[in-house]
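Q: For reference, this is start.txt, and it has compact mmCIF, C-alpha atoms and all ligand atoms.
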# COMPACT_ATOMS: atom_id res chain seq x y z
CA MET E 1 -128.25 -13.99 -99.75
CA ILE E 2 -130.66 -15.91 -97.53
CA CYS E 3 -130.90 -15.56 -93.77
CA TRP E 4 -132.90 -18.09 -91.77
CA THR E 5 -134.15 -16.39 -88.65
CA SER E 6 -137.41 -15.70 -86.78
CA ALA E 7 -139.41 -12.73 -85.58
CA THR E 8 -138.47 -13.36 -81.96
CA THR E 9 -134.85 -14.52 -81.83
CA PRO E 10 -132.59 -11.85 -80.29
CA PHE E 11 -129.58 -13.19 -82.22
CA GLY E 12 -131.46 -12.84 -85.50
CA ARG E 13 -132.68 -9.41 -84.43
CA LYS E 14 -129.09 -8.31 -83.89
CA VAL E 15 -128.20 -9.51 -87.40
CA ARG E 16 -131.24 -7.78 -88.94
CA MET E 17 -130.48 -4.50 -87.13
CA PHE E 18 -126.86 -4.77 -88.19
CA ALA E 19 -127.89 -5.36 -91.82
CA ILE E 20 -130.25 -2.36 -91.74
CA GLU E 21 -127.60 -0.07 -90.24
CA LYS E 22 -125.07 -1.34 -92.77
CA GLY E 23 -127.53 -0.76 -95.63
CA VAL E 24 -127.51 -4.35 -96.89
CA GLU E 25 -130.83 -5.67 -95.54
CA LYS E 26 -132.49 -5.56 -98.98
CA SER E 27 -129.85 -7.87 -100.45
CA ILE E 28 -130.91 -10.56 -97.96
CA GLU E 29 -134.02 -12.74 -98.23
CA TRP E 30 -135.20 -13.14 -94.63
CA ARG E 31 -136.80 -16.56 -94.08
CA PHE E 32 -138.59 -16.94 -90.76
CA ILE E 33 -138.58 -20.50 -89.44
CA ASP E 34 -138.97 -22.39 -86.16
CA PRO E 35 -135.45 -23.68 -85.38
CA TRP E 36 -136.70 -26.00 -82.67
CA ASN E 37 -138.79 -28.07 -85.10
CA ASP E 38 -137.66 -27.33 -88.66
CA THR E 39 -135.01 -29.93 -89.44
CA SER E 40 -134.56 -28.58 -93.00
CA LEU E 41 -132.21 -26.04 -91.44
CA GLN E 42 -129.71 -28.85 -90.86
CA ALA E 43 -128.86 -28.70 -94.58
CA HIS E 44 -127.38 -25.25 -93.90
CA ASN E 45 -126.29 -25.47 -90.28
CA PRO E 46 -125.55 -28.76 -88.49
CA LEU E 47 -126.50 -27.07 -85.22
CA GLN E 48 -130.04 -26.34 -86.51
CA LYS E 49 -129.89 -22.85 -85.04
CA ILE E 50 -130.90 -19.42 -86.25
CA PRO E 51 -129.63 -17.08 -87.50
CA THR E 52 -127.89 -18.83 -90.40
CA LEU E 53 -126.80 -16.92 -93.51
CA GLU E 54 -126.17 -18.29 -96.98
CA THR E 55 -123.96 -15.87 -98.91
CA LYS E 56 -124.09 -15.24 -102.66
CA ASP E 57 -121.01 -17.48 -102.93
CA GLY E 58 -122.89 -20.30 -101.21
CA MET E 59 -121.08 -20.04 -97.86
CA GLN E 60 -123.25 -21.11 -94.92
CA LEU E 61 -122.40 -18.77 -92.06
CA PHE E 62 -123.25 -19.03 -88.36
CA ASP E 63 -123.41 -18.13 -85.60
CA SER E 64 -124.64 -14.53 -85.36
CA ARG E 65 -121.16 -13.24 -84.53
CA VAL E 66 -119.74 -14.75 -87.71
CA ILE E 67 -122.64 -13.27 -89.68
CA THR E 68 -122.11 -9.74 -88.34
CA ALA E 69 -118.37 -10.02 -89.05
CA TYR E 70 -119.18 -11.10 -92.62
CA LEU E 71 -121.80 -8.41 -93.24
CA ASP E 72 -119.34 -5.78 -92.11
CA THR E 73 -117.02 -6.73 -94.99
CA LEU E 74 -119.72 -5.79 -97.55
CA ASP E 75 -120.00 -2.35 -99.17
CA GLY E 76 -121.08 0.35 -96.75
CA PRO E 77 -119.80 2.03 -93.60
CA SER E 78 -118.04 -0.32 -91.18
CA LEU E 79 -119.88 -0.82 -87.90
CA ILE E 80 -116.83 -2.41 -86.27
CA PRO E 81 -114.18 0.18 -85.42
CA SER E 82 -110.48 -0.59 -85.51
CA GLY E 83 -107.93 -0.42 -82.70
CA ALA E 84 -108.88 -0.79 -79.04
CA ALA E 85 -112.49 0.15 -79.81
CA ARG E 86 -112.77 -3.01 -81.90
CA PHE E 87 -112.33 -5.15 -78.83
CA ASP E 88 -114.73 -3.03 -76.80
CA ASN E 89 -117.29 -3.75 -79.54
CA LEU E 90 -116.55 -7.47 -79.67
CA ARG E 91 -116.74 -7.63 -75.90
CA PHE E 92 -120.12 -5.89 -75.88
CA GLU E 93 -121.32 -8.32 -78.51
CA ALA E 94 -120.07 -11.30 -76.49
CA MET E 95 -121.79 -10.06 -73.33
CA ALA E 96 -125.01 -9.24 -75.18
CA ASP E 97 -125.12 -12.61 -76.94
CA GLN E 98 -124.47 -14.53 -73.76
CA PHE E 99 -127.10 -12.50 -71.95
CA CYS E 100 -129.46 -13.87 -74.61
CA ASP E 101 -128.01 -17.40 -74.34
CA ALA E 102 -128.73 -17.34 -70.61
CA GLY E 103 -132.25 -16.11 -71.36
CA VAL E 104 -132.91 -18.88 -73.88
CA LEU E 105 -131.71 -21.45 -71.32
CA ARG E 106 -134.09 -19.99 -68.73
CA MET E 107 -136.97 -20.03 -71.18
CA ARG E 108 -136.32 -23.62 -72.24
CA GLU E 109 -135.99 -24.74 -68.63
CA GLY E 110 -139.45 -23.33 -68.00
CA LEU E 111 -140.86 -25.50 -70.79
CA ARG E 112 -139.62 -28.75 -69.21
CA PRO E 113 -141.97 -30.86 -67.04
CA GLU E 114 -142.05 -29.19 -63.63
CA ALA E 115 -140.38 -32.11 -61.83
CA GLN E 116 -137.36 -31.85 -64.15
CA ARG E 117 -136.79 -28.10 -63.75
CA SER E 118 -133.80 -26.89 -61.77
CA PRO E 119 -134.30 -23.65 -59.82
CA ASP E 120 -130.51 -23.52 -59.22
CA TRP E 121 -129.87 -23.64 -62.96
CA VAL E 122 -132.42 -20.89 -63.62
CA GLU E 123 -130.91 -18.75 -60.87
CA ARG E 124 -127.40 -19.29 -62.26
CA GLN E 125 -128.54 -17.99 -65.67
CA ARG E 126 -130.46 -15.09 -64.12
CA GLY E 127 -127.32 -14.08 -62.19
CA LYS E 128 -125.31 -13.97 -65.42
CA GLN E 129 -127.95 -11.74 -66.96
CA GLN E 130 -127.98 -9.35 -64.00
CA ARG E 131 -124.19 -9.03 -64.04
CA VAL E 132 -124.13 -8.37 -67.77
CA LEU E 133 -126.74 -5.61 -67.36
CA ASP E 134 -124.61 -4.10 -64.57
CA ALA E 135 -121.55 -4.25 -66.83
CA PHE E 136 -123.48 -2.47 -69.60
CA GLU E 137 -124.43 0.26 -67.12
CA ALA E 138 -120.85 0.60 -65.86
CA GLU E 139 -119.23 0.57 -69.30
CA LEU E 140 -121.75 2.66 -71.20
CA ASP E 141 -119.23 5.39 -72.05
CA LYS E 142 -117.42 2.94 -74.30
CA LEU E 143 -120.61 2.12 -76.18
CA GLY E 144 -121.44 5.59 -77.51
CA SER E 145 -124.55 6.50 -79.43
CA GLU E 146 -123.47 5.52 -82.95
CA PRO E 147 -124.92 2.33 -84.50
CA SER E 148 -121.82 0.20 -83.96
CA LEU E 149 -121.73 -3.58 -83.63
CA GLY E 150 -121.65 -3.26 -79.85
CA ALA E 151 -124.59 -0.85 -79.77
CA VAL E 152 -126.72 -3.05 -82.00
CA ALA E 153 -125.89 -6.14 -79.93
CA VAL E 154 -126.72 -4.39 -76.65
CA ALA E 155 -129.99 -3.05 -78.13
CA ALA E 156 -130.95 -6.59 -79.18
CA ALA E 157 -130.21 -7.92 -75.69
CA LEU E 158 -132.21 -5.15 -73.98
CA GLY E 159 -135.07 -5.73 -76.42
CA TYR E 160 -134.98 -9.39 -75.46
CA ALA E 161 -135.02 -8.45 -71.76
CA ASP E 162 -138.15 -6.36 -72.39
CA PHE E 163 -139.74 -9.12 -74.48
CA ARG E 164 -139.15 -12.08 -72.18
CA PHE E 165 -138.25 -10.72 -68.73
CA ALA E 166 -140.13 -7.43 -68.49
CA ALA E 167 -141.21 -8.17 -64.90
CA GLU E 168 -137.57 -8.01 -63.80
CA ASN E 169 -137.52 -4.30 -64.74
CA TRP E 170 -133.84 -3.96 -65.67
CA ARG E 171 -134.24 -0.18 -65.87
CA ALA E 172 -134.96 0.20 -62.15
CA THR E 173 -131.30 0.12 -61.08
CA ARG E 174 -129.64 1.13 -64.37
CA PRO E 175 -130.70 4.69 -65.22
CA ARG E 176 -127.87 5.44 -67.65
CA LEU E 177 -128.53 2.27 -69.62
CA ALA E 178 -132.25 3.05 -69.67
CA ALA E 179 -131.58 6.53 -71.11
CA TRP E 180 -129.18 5.09 -73.69
CA HIS E 181 -131.75 2.51 -74.76
CA GLU E 182 -134.57 5.04 -74.97
CA ALA E 183 -132.51 7.13 -77.41
CA PHE E 184 -131.14 4.20 -79.42
CA ALA E 185 -134.55 2.53 -79.71
CA LYS E 186 -135.77 5.43 -81.86
CA ARG E 187 -133.58 4.18 -84.71
CA ALA E 188 -135.38 2.66 -87.70
CA SER E 189 -133.33 -0.55 -87.32
CA VAL E 190 -134.72 -1.08 -83.82
CA GLN E 191 -138.28 -0.07 -84.71
CA ALA E 192 -138.38 -2.38 -87.76
CA THR E 193 -137.34 -5.44 -85.76
CA VAL E 194 -139.54 -5.30 -82.64
CA PRO E 195 -140.79 -8.86 -81.91
CA PRO E 196 -144.56 -9.26 -82.39
CA GLY E 197 -146.42 -8.62 -79.13
CA ALA E 198 -143.43 -6.92 -77.46
N1 LIG E 201 -124.71 -18.35 -80.38
C1 LIG E 201 -125.80 -18.44 -81.33
C2 LIG E 201 -127.10 -18.67 -80.62
C3 LIG E 201 -128.24 -18.99 -81.58
C4 LIG E 201 -129.43 -19.59 -80.87
O1 LIG E 201 -129.34 -20.09 -79.74
N2 LIG E 201 -130.58 -19.54 -81.56
C5 LIG E 201 -131.76 -20.18 -81.04
C6 LIG E 201 -133.00 -19.34 -81.29
S1 LIG E 201 -133.00 -17.87 -80.31
C7 LIG E 201 -131.96 -21.50 -81.78
O2 LIG E 201 -131.92 -21.52 -82.99
N3 LIG E 201 -132.18 -22.61 -81.04
C8 LIG E 201 -132.46 -23.88 -81.60
C9 LIG E 201 -131.73 -24.99 -80.89
O3 LIG E 201 -130.93 -24.69 -79.98
O4 LIG E 201 -131.93 -26.14 -81.27
C10 LIG E 201 -125.82 -17.16 -82.19
O5 LIG E 201 -125.28 -16.14 -81.75
O6 LIG E 201 -126.32 -17.20 -83.32
Spell out the structure here as structure tokens.
Ligand SMILES: N[C@@H](CCC(=O)N[C@@H](CS)C(=O)NCC(=O)O)C(=O)O

A:
Amino acid sequence: MICWTSATTPFGRKVRMFAIEKGVEKSIEWRFIDPWNDTSLQAHNPLQKIPTLETKDGMQLFDSRVITAYLDTLDGPSLIPSGAARFDNLRFEAMADQFCDAGVLRMREGLRPEAQRSPDWVERQRGKQQRVLDAFEAELDKLGSEPSLGAVAVAAALGYADFRFAAENWRATRPRLAAWHEAFAKRASVQATVPPGA
């Protein structure tokens, strides 16, 4: 299998952590690219976004949620529980991914010429991020300490918060989440995927 990703994308980091926890990372060739400029990715994903996974059967899978769902079907322990816990996990993944979506939008807005930037738009995205972090703190009991889909997704989002928005100090008002992250971040899957310079 081939996965197009980068060293800094939080969505790709979630997929890499998931693959490590699942025990399938070595069956994937990880190709780091710049999705903003590398149009060759369009041959695999019309959206030209990372992560994109090509399976052994030649399926081109995206986005990251489809990739984690696929990887979970491979040999190895399932990281997505069944029953009600399944939807807790999918919900955590949705919140974590959209935390990162909001972050990417903020980052990209900051790269536009100053006269074209919208402070309202940035604030709207920042508000989404703050509410997601509050929801993580409030719902932590459902997350647990095992390396589930939800846990990996939340760890990727918090890693992204530390990487891009460290000055906002998410830990200051979320002590339970901070303790959870400190423990989870000791896992090899988290350590092996830290973005360069983070
Ligand atoms: N919902 C997507 C988001 C992927 C995404 O936004 N990736 C960014 C990099 S962090 C990207 O490839 N952006 C290129 C673009 O939007 O053209 C997922 O979960 O995979």

Q: Show me a table, sorted first by chain and then by increasing residue number, of the residues of chain E having an atom at most 9 Å from ligand LIG 201 (chain E), each with its shortest atom pair and the distance in Å to one decimal, counting all atoms listed in the file and written as a Markdown table.

A:
| residue | atom | partner | partner_atom | distance |
| --- | --- | --- | --- | --- |
| E:Thr5 | CA | E:LIG201 | O2 | 8.0 |
| E:Ser6 | CA | E:LIG201 | C6 | 7.9 |
| E:Thr8 | CA | E:LIG201 | S1 | 7.3 |
| E:Thr9 | CA | E:LIG201 | S1 | 4.1 |
| E:Pro10 | CA | E:LIG201 | S1 | 6.0 |
| E:Phe11 | CA | E:LIG201 | O5 | 5.2 |
| E:Gly12 | CA | E:LIG201 | O6 | 7.1 |
| E:Lys14 | CA | E:LIG201 | O5 | 9.0 |
| E:Val15 | CA | E:LIG201 | O6 | 8.9 |
| E:Asp34 | CA | E:LIG201 | O2 | 7.8 |
| E:Pro35 | CA | E:LIG201 | O2 | 4.8 |
| E:Trp36 | CA | E:LIG201 | C8 | 4.9 |
| E:Asn37 | CA | E:LIG201 | O4 | 8.1 |
| E:Leu47 | CA | E:LIG201 | O4 | 6.8 |
| E:Gln48 | CA | E:LIG201 | O4 | 5.6 |
| E:Lys49 | CA | E:LIG201 | O2 | 3.2 |
| E:Ile50 | CA | E:LIG201 | O2 | 4.0 |
| E:Pro51 | CA | E:LIG201 | O6 | 5.3 |
| E:Thr52 | CA | E:LIG201 | O6 | 7.4 |
| E:Phe62 | CA | E:LIG201 | O6 | 6.2 |
| E:Asp63 | CA | E:LIG201 | O6 | 3.8 |
| E:Ser64 | CA | E:LIG201 | O6 | 3.8 |
| E:Arg65 | CA | E:LIG201 | O5 | 5.8 |
| E:Val66 | CA | E:LIG201 | O5 | 8.3 |
| E:Ile67 | CA | E:LIG201 | O6 | 8.3 |
| E:Ala94 | CA | E:LIG201 | O5 | 8.8 |
| E:Asp97 | CA | E:LIG201 | O5 | 6.0 |
| E:Gln98 | CA | E:LIG201 | N1 | 7.6 |
| E:Cys100 | CA | E:LIG201 | S1 | 7.8 |
| E:Asp101 | CA | E:LIG201 | O1 | 6.2 |
| E:Val104 | CA | E:LIG201 | S1 | 6.5 |
| E:Leu105 | CA | E:LIG201 | O1 | 8.9 |

Q: Pull the neighbourhood of (-130.6, -7.7, -76.1) for me: all residues within 10 Å in file coordinates, counting all atoms listed in the file, as number ranges by chain.

A: E: 9-11, 13-14, 93, 95-100, 103, 133, 151-163

Q: Would you mind reading off the distance between CA of Gly76 in chain E and CA of Asp57 in chain E, one decimal, in Å?

A: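 Atom-to-atom, CA of Gly76 in chain E to CA of Asp57 in chain E, that is 18.9 Å.
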
Q: Which of these residues is nearest to Arg126 in chain E, using all atoms listed in the file: E:Asp88, E:Glu146, E:Glu168, E:Asp141?

A: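 Closest residue, counting all atoms listed in the file: E:Glu168.
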
Q: Could I get the residues of range 17-99 of chain E with an atom no further than 7 Å from an atom of range 179-196 of chain E, each paired with its nearest atom pair and that distance in Å to one decimal, using all atoms listed in the file, sorted by chain and residue number, as a tab-separated table?

A:
residue	atom	partner	partner_atom	distance
E:Met17	CA	E:Ser189	CA	4.9
E:Ile20	CA	E:Ser189	CA	5.7
E:Glu21	CA	E:Ser189	CA	6.4

Q: Of the residues E:Asn45, E:Leu111, E:Lys56, E:Met1, which is the one nearest to Arg31 in chain E, using only C-alpha atoms?

A: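 Looking only at the distances to Arg31 in chain E, the closest residue turns out to be E:Met1.
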
Q: Measure the distance from CA of Asp134 in chain E to CA of Asn89 in chain E in Å and round it to one decimal.

A: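 Taking CA of Asp134 in chain E as the start and CA of Asn89 in chain E as the end point, the length is 16.7 Å.
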
Q: Could you check how far CA of Glu123 in chain E sits from CA of Leu140 in chain E, in Å to one decimal?

A: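 Distance reported for this atom pair: 25.5 Å.
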